[in-house]
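K.L.:
Supplied in C-alpha cells, the structure appears directly below.
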Amino acid sequence: MKIYITYICILISSLSFAQDKDKEKERQLALETAKNYVYEGNELIDADNYINAEMEYRKAISQAPSVVAGSYNLGNTYYDKGNYEEALYRHTEAAKNATSKIEKHKAYHNIGNVLMKEELCQEAVEAYKSALRNDPTDDETRYNLAIAQECAAQQKQDQDKEEEKNDEDKENEDKNEDKKEDEKKDDPKDEGDQDKKDGEDQKDEDGKPKDEKDDGKGDKQEDKKEEGKPKPQPGQLSPQQIKNLLEAMNNQEQKVQEKMNAEKQKGAKVKTEKDW
C-alpha cells in the first residue's frame, strides 16, 4: 500500500514538473517572439516606416508585456510624431512592467520629457526624480531635472500672480457694487420720484388732492337738483336767464307806465272845488 502511495506522489510530481517546464517553454517562446517583433519594429523605424513599426511594437506588447522595449519604443515613436498623450501612456506602461533599474530609469526619464512638452513642469520634476532614484549617475536626467524645477518655480510664481490679480479684481468688483448701491440710495432723483409718487398717492383719480375732496354728498345733492332742470343748449338762454329777463322787462314797463301817468296829470286842468 505504501509503495502505491509513493508511486502516485512521484507521478504527480513528475506531471507538475512537466507542466511547469511546458509553461516555461511557452513563456520563453513568447519572450523570443516579442523580441523579434521589437526588432522588426526597430528596423521599420530606421526605414521611416512608422505605421508598420507601430504595428510590430503592438504585437510585441500583446505577446509579452514584460518585454518593456515594445512599450518603450512605441512611446518614443508617438513622442517623435507629437502624440504626447499616447507617448505618456506607453512610457508609463513601460515603467510599470520594467523589472530592472535600468529599464525603470529610461522609462521615467522619457516620462519627464513628455510632461515637459505638455508644460506640466512639476509633474516632470517628480518623473526625473524617479529616474534618478534608479540611476543617480545620469547627468542628462539631472540636467533635465534642473530645467523642470526652474519651469515649475516660474509656473508657481505666475499662478500666484494670477490668483492675486483675480482676488484684486474680485475686491474691486465688490467695491464698485457697493459704490453703486450707495449712489443709488443717495440719488436725489429717486427721492424726487418717491415724493412725486407720494403726492400722486394723495390725489384722487381726477387729480384732486384727497384731503380737499369732500365726502361726495354735496355733489350728489346738487346733481339731484339739476336733474329736473333742462340744460341750456349752446347759444340759448337758460330758463333762469329768461325769467330774470322777463322780470326786468316788466319792471321797465311798469316804470314807463308810471311816467306816462304822471305826464297826463300835469297837462289836465284842475277842477275847482265848489263852495256851496
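Residues in the C-alpha cells are numbered from 1 in each chain, the chains being A, B, ... in the order shown, and ligands are numbered from 1 in the order shown.
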Run DSSP on the backbone and give me the residues of stretch 44-109 of chain A it puts in helix (DSSP H, G or I), as number ranges by chain.

P.N.:
A: 44-46, 50-63, 68-81, 84-97, 101-109

K.L.:
How many Å lie between atom CA of A:Gln154 and atom CA of A:Glu126, rounded to one decimal?

P.N.:
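These atoms are spaced 16.3 Å apart.
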
K.L.:
Report as a list in words all protein, DNA and RNA residues lying within 12 Å of stretch 98-104 of chain A, evaluated on only C-alpha atoms, omitting residues in the same chain fewer than 4 positions from it.

P.N.:
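Result of the neighbour search: Pro65, Ser66, Val67, Val68, Ala69, Gly70, Ser71, Tyr72, Asn73, His91, Thr92, Glu93, Ala94, Tyr108, His109, Asn110, Ile111, Ala127, Tyr128, Lys129, Ser130, Ala131, Leu132, Arg133, Asn134, Asp135, Pro136, Thr137 and Asp138 of chain A.
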
K.L.:
Contacts of stretch 112-114 of chain A at 8 Å or less, counting only C-alpha atoms, minus same-chain residues fewer than 6 places along, as a PyMOL selection string?

P.N.:
chain A and resi 79+84+87-88+123-128

K.L.:
So how many Å separate atom CA of A:Ala153 and atom CA of A:Glu168, to one decimal?

P.N.:
22.5 Å

K.L.:
One number please: atom CA of A:Ala34 to atom CA of A:Glu86, in Å, one decimal.

P.N.:
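Result for atom CA of A:Ala34 versus atom CA of A:Glu86: 20.6 Å, one decimal.
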
K.L.:
Using only C-alpha atoms, determine which residues lie at most 7 Å from A:Tyr57, disregarding the query and same-chain residues fewer than 6 positions distant; provide the list as a PyMOL selection string.

P.N.:
chain A and resi 37-38+41+70+74

K.L.:
Would you mind exporting all heavy atoms of the selected residues as a PDB file, in the first residue's frame?

P.N.:
```
ATOM      1  N   TYR A  37       9.458  40.857 -32.635  1.00  0.00           N
ATOM      2  CA  TYR A  37       8.571  41.939 -33.083  1.00  0.00           C
ATOM      3  C   TYR A  37       9.209  43.300 -32.829  1.00  0.00           C
ATOM      4  O   TYR A  37       9.111  44.214 -33.657  1.00  0.00           O
ATOM      5  CB  TYR A  37       7.228  41.862 -32.359  1.00  0.00           C
ATOM      6  CG  TYR A  37       6.327  40.750 -32.844  1.00  0.00           C
ATOM      7  CD1 TYR A  37       5.609  39.965 -31.939  1.00  0.00           C
ATOM      8  CD2 TYR A  37       6.156  40.485 -34.198  1.00  0.00           C
ATOM      9  CE1 TYR A  37       4.758  38.957 -32.365  1.00  0.00           C
ATOM     10  CE2 TYR A  37       5.315  39.467 -34.636  1.00  0.00           C
ATOM     11  CZ  TYR A  37       4.622  38.717 -33.719  1.00  0.00           C
ATOM     12  OH  TYR A  37       3.781  37.714 -34.158  1.00  0.00           O
ATOM     13  N   VAL A  38       9.865  43.408 -31.680  1.00  0.00           N
ATOM     14  CA  VAL A  38      10.538  44.670 -31.367  1.00  0.00           C
ATOM     15  C   VAL A  38      11.656  44.932 -32.365  1.00  0.00           C
ATOM     16  O   VAL A  38      11.836  46.066 -32.848  1.00  0.00           O
ATOM     17  CB  VAL A  38      11.095  44.646 -29.928  1.00  0.00           C
ATOM     18  CG1 VAL A  38      11.978  45.872 -29.675  1.00  0.00           C
ATOM     19  CG2 VAL A  38       9.954  44.623 -28.913  1.00  0.00           C
ATOM     20  N   GLY A  41      10.210  46.077 -35.543  1.00  0.00           N
ATOM     21  CA  GLY A  41       9.759  47.451 -35.394  1.00  0.00           C
ATOM     22  C   GLY A  41      10.901  48.432 -35.470  1.00  0.00           C
ATOM     23  O   GLY A  41      10.780  49.501 -36.094  1.00  0.00           O
ATOM     24  N   GLY A  70       8.979  46.960 -26.120  1.00  0.00           N
ATOM     25  CA  GLY A  70       7.850  47.205 -27.017  1.00  0.00           C
ATOM     26  C   GLY A  70       7.123  48.485 -26.628  1.00  0.00           C
ATOM     27  O   GLY A  70       6.883  49.364 -27.474  1.00  0.00           O
ATOM     28  N   LEU A  74       7.549  52.074 -28.626  1.00  0.00           N
ATOM     29  CA  LEU A  74       6.295  52.620 -29.161  1.00  0.00           C
ATOM     30  C   LEU A  74       6.043  54.014 -28.595  1.00  0.00           C
ATOM     31  O   LEU A  74       5.580  54.910 -29.302  1.00  0.00           O
ATOM     32  CB  LEU A  74       5.135  51.676 -28.833  1.00  0.00           C
ATOM     33  CG  LEU A  74       3.759  52.079 -29.380  1.00  0.00           C
ATOM     34  CD1 LEU A  74       3.803  52.220 -30.900  1.00  0.00           C
ATOM     35  CD2 LEU A  74       2.702  51.050 -28.979  1.00  0.00           C
TER      36      LEU A  74
END
```

K.L.:
For each of A:Asn166, A:Asn42, A:Asn250, A:Asn76, take the minimum atom-to-atom distance to A:Lys106, counting only C-alpha atoms, then give the residue where this is smallest.

P.N.:
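When distances to A:Lys106 are compared using only C-alpha atoms, the smallest one comes from A:Asn76.
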
K.L.:
With only C-alpha atoms as the basis for distance, which of A:Lys96, A:Lys255, A:Lys81, A:Lys179 is at the shortest distance from A:Glu54?

P.N.:
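Selected residue with least distance to A:Glu54: A:Lys81.
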